[in-house]
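Chemist: Below are the structure tokens for one structure; questions will follow.
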Amino acid sequence: MYRQLAWRNIWRNPKRTAVILTAVVIGVWSMIFLGGVMAGMYDAMIENQLSALTGHIQIHHPDYRNDPVVEYSINDPAIVANALQRVLPPGAVRADRVRVSAIAQNARHSAGITMVGIQPEKEAEISFIGQAVTEGRFIKNEQDDYGIVIGRALAEDFETKIGKKLILMSQGADGEIQSRAFRIVGIYQAQMQATEKAYVFVSLPAAQDMLKMGNAISEVAVLLPDRGATGQVVSALRERLPQNRYEVAGFRELMPLITAQVELWDTFMILWYVVIFVAMGFGITNTILMAVMERIREFGLVKSLGMRPRQIVALVLMEGSLLLALGILIGNLTGFASIWALAQRGIDLSVFAAGAERFSIPRIIYPTIHMSDVIRANLVVLVLGILVSLYPAIRAARITPVEALTKT
Amino acid sequence: MGIDLKIAWRNIWRNRRRSILTILAIAFACLLLVFMLSFQLGSYADMIRFSLRIHTGHLQIKADGYQKDKDIRKVVSDPGAVAEILQAQPGVADYTFRANAFSLLSSHDRTYGVMVSGIDPQREARVTTIKHVIRQGAYLSGGDNNEAIIGNLLAENLKVGAGDEMVLLGQARDGSVAASMLTVTGIFSSGQTDMDRSVALITLDTFDRLYFMRGAVHEVVAVCPALGDVKPAQAAVQKALDGLKTRRHLRVWNWQELIPGLLQGIKIDFFSGIIFYMIMVIVVAFSILNTFLMAVFERTREFGVLLALGVTHGRLTRLLLLESSFLCAVGMVAGITGGALITLYFQQNGIHISGASEILKSYGLPEVLRPRLSWVTIISGPAVVFAVTFLTALYPALRARKLKPAAAMHAA
């Protein structure tokens with residue numbers, strides 16, 4: 001009965017209800033929509049980073065991540081391969097890599113780059129490079145001892161093209177500077193220019209041979225069928241691989257900067273939810289307060305007829321809750337609709353490409369819905385909303401029949 | 001008019017609770033806007049200063065093509081002539097010369113490719129802050145002395161400290177080999193990862209000898225007294241340079257062209273901030289619209305009486321707008337005062353975001369953020385709030401114009 005009573009009460013003044021409903025709807029819509037844009041942004045950031053040679057899990061020599069040099073390699077890849085075989089769920093893929101910093105040089109230019117020796121077929125399943133070659137060919141599986149794939153930006157900087165020579169120099173396992181002349185067989189394009197300038201790809205045997213590493217590797221990268229299983233697989237691997245010889249790291253540890261950035265923005269979004277809520281909270285309290293005060297006589301009457309203060313509080317809270325629920329419902333629907341509309345084409349930040357790259361924001365953001373964000377936003381509004389309607393509700397419960405009579 | 005003011009003021013306080021809640025909503029919006037705008041603009045100023053003063057400067061003069069491709073042969077061959085031009089420019093506060101070459105740097109057991117820059121220690125210290133970020137050892141002393149200072153990340157990678165020796169290997173301007181022993185005299189930590197990881201600084205005299213530069217440099221870096229002077233100074237210097245007879249044409253680049261990401265990144269952040277603020281202001285507007293609406297609708301009879309007594313519709317509207325303006329004004333004063341006080345507090349004490357220093361560094365921000373209060377940040381946010389509130393109040397006030405005295409007096 002309360003619900004029916006409350007529902008009819010809020011429509012006694014439709015204009016007033018519509019106004020405050022608009023405030024709630026805009027507030028909730030903005031929470032859902034902007035939350036969706038943010039979620040789309042960091043999903044893309046994480047995905048970009050994962051496919052940019054990170055993967056879900058990596059295994060290294062314990063000192064490699066601090067100091068990525070050839071000295072800190074995994075010298076017995078067979079042991080790691082064995083452990084992986086036992087632990088990895090079906091559908092997971094892995095690839096071995098040599099990854100060291102090197103100097104690229106041609107007749108006129110030189111620059112510091114990262115040389116990555118890859119297993120082409122496996123690598124294509126894990127990282128972006130498999131689909132990124134836009135000109136020429138990818139590294140071949142066998143006998144590609146002198147082929148190299150470089151980024152478009154680097155090719156432009158070096159004024160070079162497919163078929164030309166590129167010399168790589170780096171410190172070998174023996175401590176001496178080793179160099180080898182490669183021939184450019186392919187050019188790739190990446191999301192970020194910085195990537196195109198940073199990485200060059202050669203075959204794993206070519207890198208091992210050049211650096212005199214034998215069959216040692218720098219890292220093993222693993223891509224799981226489901227990102228959520230990362231923690232589980234990491235701990236299983238840690239049990240099998242002695243920690244003083246191998247370091248197993250999940251993607252959160254591998255990209256601390258992006259993880260921290262996402263956390264910072266997350267905190268910011270919660271603050272934003274609260275700010276928007278406070279902005280509409282004043283209106284909610286005020287509107288319910290008005291609705292209560294103009295019904296003083298009515299409350300006095302029902303009280304003198306025997307309604308308990310607790311029941312009056314419940315009635316007013318029910319009115320507030322219905323208002324909030326309606327606002328949240330419409331806000332969610334419009335929020336989902338606008339996210340869906342924008343998700344088709346994405347928000348294009350290409351005009352600000354350089355700026356976006358500086359803040360590691362993707363160039364095109366596709367808003368997406370994270371149910372946990374939506375639930376969080378709705379909970380903030382509902383819980384705080386009921387909390388602020390408590391004040392007018394208690395005020396209504398305190399109305400005495402005498403007070404009601406003296407009021408015209 | 002005087003009596004109207006008094007009536008409006010008293011009318012507001014006929015319903016204390018409602019008025020206070022409305023004032024609080026307006027004050028909240030103003031407070032937040034004053035603080036947030038001060039915070040954003042303060043961070044931007046820090047970001048620009050931090051990024052520019054460490055290395056880039058406001059203007060750089062380079063030979064055509066050098067900006068895109070740092071080819072050691074694309075030189076400014078007569079730095080003296082450029083210096084004369086800069087000296088004559090009131091828009092240029094100071095300047096310094098640099099020469100750069102990508103080279104190999106080896107310590108006992110490590111080798112890295114780095115950008116080796118030759119700098120004039122005295123001039124550099126007047127233009128950039130590099131001298132003040134030496135964390136270990138000493139700054140370069142000047143002259144041709146085979147001294148080098150390197151970034152802390154590079155020092156870690158090379159496993160060297162102050163006093164250790166390194167071998168430099170590169171290609172000189174004439175294509176010959178540039179090789180020498182260098183002594184690390186100091187280690188700097190600029191806070192910019194790129195620079196700390198891959199830059200070694202030696203004196204310009206040493207550079208000139210090792211790389212066979214014959215007096216030429218690669219860039220002339222200038223700073224202006226204020227950011228506003230940069231554009232005019234750039235135009236003036238470019239004009240003067242165009243008159244210079246050199247083998248390679250020289251071009252002036254301003255900081256926005258040198259670090260294109262910086263200003264764009266700031267723009268992205270600023271515009272997304274504006275979207276957030278606009279949404280908040282709109283929510284506040286609807287939040288308080290009810291107060292204004294109710295203040296009119298529940299007083300229909302009263303207005304009927306006033307109209308019957310000869311108060312014109314215009315005066316009635318004015319009275320209502322006066323009431324809303326009062327509410328708004330009180331809220332604004334409270335909000336601006338509160339916002340300014342909070343901002344000043346943090347301006348003094350700084351904001352520490354725990355565990356975020358790496359992110360801040362990647363944005364080019366110092367570890368402690370300071371909002372900066374200015375007239376712009378005090379006025380612009382509340383002005384928007386005032387405008388929106390006034391528009392909100394306009395609708396109910398205009399509704400009062402339609403009232404007919406007799407009908408209004410009979411209203412419930």
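Ligands are numbered from 1 in the order shown, residues from 1 within each chain, and chains are lettered A, B, ... in the order they appear in the structure tokens.
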For chain B, which residues have at least one atom within 9 Å of chain A, if we go by only C-alpha atoms? Write them as a PyMOL selection string, please.
Modeler: chain B and resi 17-18+21-22+24-26+28-29+32+68-71+102-104+109-115+156-157+259-268+276+279-291+293-294+355-356+358-359+362-363
Chemist: I'd like the neighbourhood of Glu403 of chain A as a tab-separated table (two decimals) with C-alpha atoms, in the first residue's frame, where a residue qualifies if any of its atoms comes within 10 Å (using only C-alpha atoms), though same-chain residues fewer than 4 positions away should be ignored.
Modeler:
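Output file out_18.tsv follows:
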```tsv
chain	number	residue	atom	x	y	z
A	296	ILE	CA	1.93	19.60	6.94
A	297	ARG	CA	-1.84	19.49	7.54
A	300	GLY	CA	-0.85	16.19	11.16
A	398	ARG	CA	8.13	15.17	13.83
A	399	ILE	CA	5.09	17.13	12.67
A	407	LYS	CA	-0.29	26.27	9.89
```
Chemist: So that I can check the secondary structure, give me every residue of segment 77-111 of chain B assigned helix (DSSP H, G or I) by backbone DSSP, as a list in words.
Modeler: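 For segment 77-111 of chain B, the helix (DSSP H, G or I) set is Pro79, Gly80, Ala81, Val82, Ala83, Glu84, Ile85, Leu86 and Gln87 of chain B.
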Chemist: If you count only C-alpha atoms, which residues fall within 12 Å of Val311 of chain B, apart from same-chain ones fewer than 5 positions away, as a list in words?
Modeler: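 Once the nearby chain positions are removed, what remains is Asp4, Glu302, Phe303, Gly304, Val305, Leu306, Leu316, Thr317, Arg318, Leu319, Arg401 and Pro405 of chain B.
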Chemist: Which polymer residues have any atom within 8 Å of an atom of segment 321-329 of chain B, counting only C-alpha atoms, with same-chain residues fewer than 6 positions away left out, as a ChimeraX atom specification?
Modeler: /B:5,8-9,11-12,19,22-23,26,292,386,389-390,393-394,397
Chemist: Would you mind listing, for every residue of segment 136-231 of chain A within 10 Å of segment 40-52 of chain A, the two atoms forming the shortest contact and the distance between them in Å to one decimal, using only C-alpha atoms, sorted by chain and ascending residue number, as a tab-separated table?
Modeler:
```
residue	atom	partner	partner_atom	distance
A:Ala190	CA	A:Ala52	CA	8.8
A:Gln191	CA	A:Asn48	CA	7.7
A:Met192	CA	A:Asn48	CA	9.4
A:Thr195	CA	A:Ala52	CA	8.1
A:Tyr199	CA	A:Ala52	CA	10.0
A:Leu223	CA	A:Leu50	CA	8.9
```
Chemist: Produce a file of the selected residues containing N, CA and C atoms, as a CSV table (one decimal), in the first residue's frame.
Modeler:
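The resulting file, result36.csv, is shown below:
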```csv
chain,number,residue,atom,x,y,z
A,190,ALA,N,52.1,0.7,-36.4
A,190,ALA,CA,51.6,0.4,-35.1
A,190,ALA,C,50.6,1.5,-34.7
A,191,GLN,N,49.9,1.3,-33.6
A,191,GLN,CA,49.0,2.3,-33.0
A,191,GLN,C,49.8,3.6,-32.7
A,192,MET,N,51.0,3.5,-32.1
A,192,MET,CA,51.7,4.6,-31.7
A,192,MET,C,53.0,4.7,-32.4
A,195,THR,N,56.1,3.2,-30.9
A,195,THR,CA,56.4,1.8,-31.1
A,195,THR,C,57.1,1.6,-32.4
A,199,TYR,N,60.9,-0.6,-32.1
A,199,TYR,CA,61.1,-2.1,-32.2
A,199,TYR,C,61.4,-2.4,-33.7
A,223,LEU,N,50.0,-15.8,-23.9
A,223,LEU,CA,48.7,-15.2,-24.0
A,223,LEU,C,47.7,-16.3,-23.7
```
Chemist: I want to know what sits within 9 Å of Leu324 of chain A, based on only C-alpha atoms, with residues of the same chain fewer than 3 positions away left out; could you give that as a ChimeraX atom specification?
Modeler: /A:21,24-25,284,319-321,327-329,381-382,385-386
Chemist: Report the distance between atom CA of Pro120 of chain A and atom CA of Asp63 of chain A in Å, rounded to one decimal place.
Modeler: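 One can read the atom CA of Pro120 of chain A to atom CA of Asp63 of chain A distance as 26.2 Å.
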Chemist: One decimal, in Å: what's the spacing between atom CA of Asp94 of chain B and atom CA of Gly137 of chain B?
Modeler: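 Interatomic distance, atom CA of Asp94 of chain B to atom CA of Gly137 of chain B: 26.6 Å.
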Chemist: What does the distance between atom CA of Ala216 of chain A and atom CA of Asn75 of chain A come to in Å, to one decimal place?
Modeler: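 We find that atom CA of Ala216 of chain A and atom CA of Asn75 of chain A lie 4.4 Å from each other.
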Chemist: Skipping near chain neighbours, those fewer than 4 positions away, what residues fall within 12 Å of Tyr345 of chain B using only C-alpha atoms, listed as a PyMOL selection string?
Modeler: chain B and resi 35+39+338-341+349-351+370-373
Chemist: Determine, counting only C-alpha atoms, which protein, DNA and RNA residues have an atom within 12 Å of an atom of Trp375 of chain B; residues of the same chain fewer than 3 positions away are not included. Present the result as a list in words.
Modeler: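 My reading of the contact set: Val34, Leu37, Ser38, Leu41, Ile336, Ala340, Arg372, Ile378, Ile379, Ser380, Gly381, Pro382 and Ala383 of chain B.
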Chemist: Would you put the residues from that selection into a file with N, CA and C atoms, as a CSV table (one decimal), in the first residue's frame?
Modeler:
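As a result, part07.csv now contains:
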```csv
chain,number,residue,atom,x,y,z
B,34,VAL,N,36.1,26.8,-8.7
B,34,VAL,CA,37.3,27.6,-8.4
B,34,VAL,C,38.5,26.7,-8.1
B,37,LEU,N,39.5,24.5,-11.4
B,37,LEU,CA,40.2,25.3,-12.5
B,37,LEU,C,41.6,25.7,-12.0
B,38,SER,N,41.7,26.1,-10.7
B,38,SER,CA,43.0,26.5,-10.2
B,38,SER,C,43.9,25.3,-10.3
B,41,LEU,N,44.7,24.6,-14.2
B,41,LEU,CA,45.6,25.6,-14.8
B,41,LEU,C,47.0,25.6,-14.2
B,336,ILE,N,33.0,31.0,-3.6
B,336,ILE,CA,34.3,31.6,-4.0
B,336,ILE,C,35.2,31.7,-2.8
B,340,ALA,N,38.5,29.6,-2.7
B,340,ALA,CA,39.7,30.3,-2.7
B,340,ALA,C,40.6,29.9,-1.5
B,372,ARG,N,46.9,26.8,-8.6
B,372,ARG,CA,47.3,28.2,-8.5
B,372,ARG,C,46.1,29.1,-8.7
B,378,ILE,N,39.2,32.3,-10.3
B,378,ILE,CA,38.2,32.8,-9.4
B,378,ILE,C,36.9,33.1,-10.1
B,379,ILE,N,37.0,33.8,-11.2
B,379,ILE,CA,35.8,34.4,-11.8
B,379,ILE,C,35.1,33.5,-12.8
B,380,SER,N,35.9,32.8,-13.7
B,380,SER,CA,35.2,32.2,-14.8
B,380,SER,C,34.2,31.1,-14.4
B,381,GLY,N,34.5,30.2,-13.5
B,381,GLY,CA,33.6,29.2,-13.1
B,381,GLY,C,32.3,29.7,-12.5
B,382,PRO,N,32.4,30.5,-11.4
B,382,PRO,CA,31.2,31.2,-10.8
B,382,PRO,C,30.4,32.0,-11.8
B,383,ALA,N,31.1,32.6,-12.8
B,383,ALA,CA,30.4,33.4,-13.8
B,383,ALA,C,29.4,32.5,-14.6
```
Chemist: With distances taken over only C-alpha atoms, which residue among A:Val70, A:Ala107, A:Leu224, A:Val248 lies nearest Val93 of chain A?
Modeler: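 Counting only C-alpha atoms, the residue closest to Val93 of chain A is A:Leu224.
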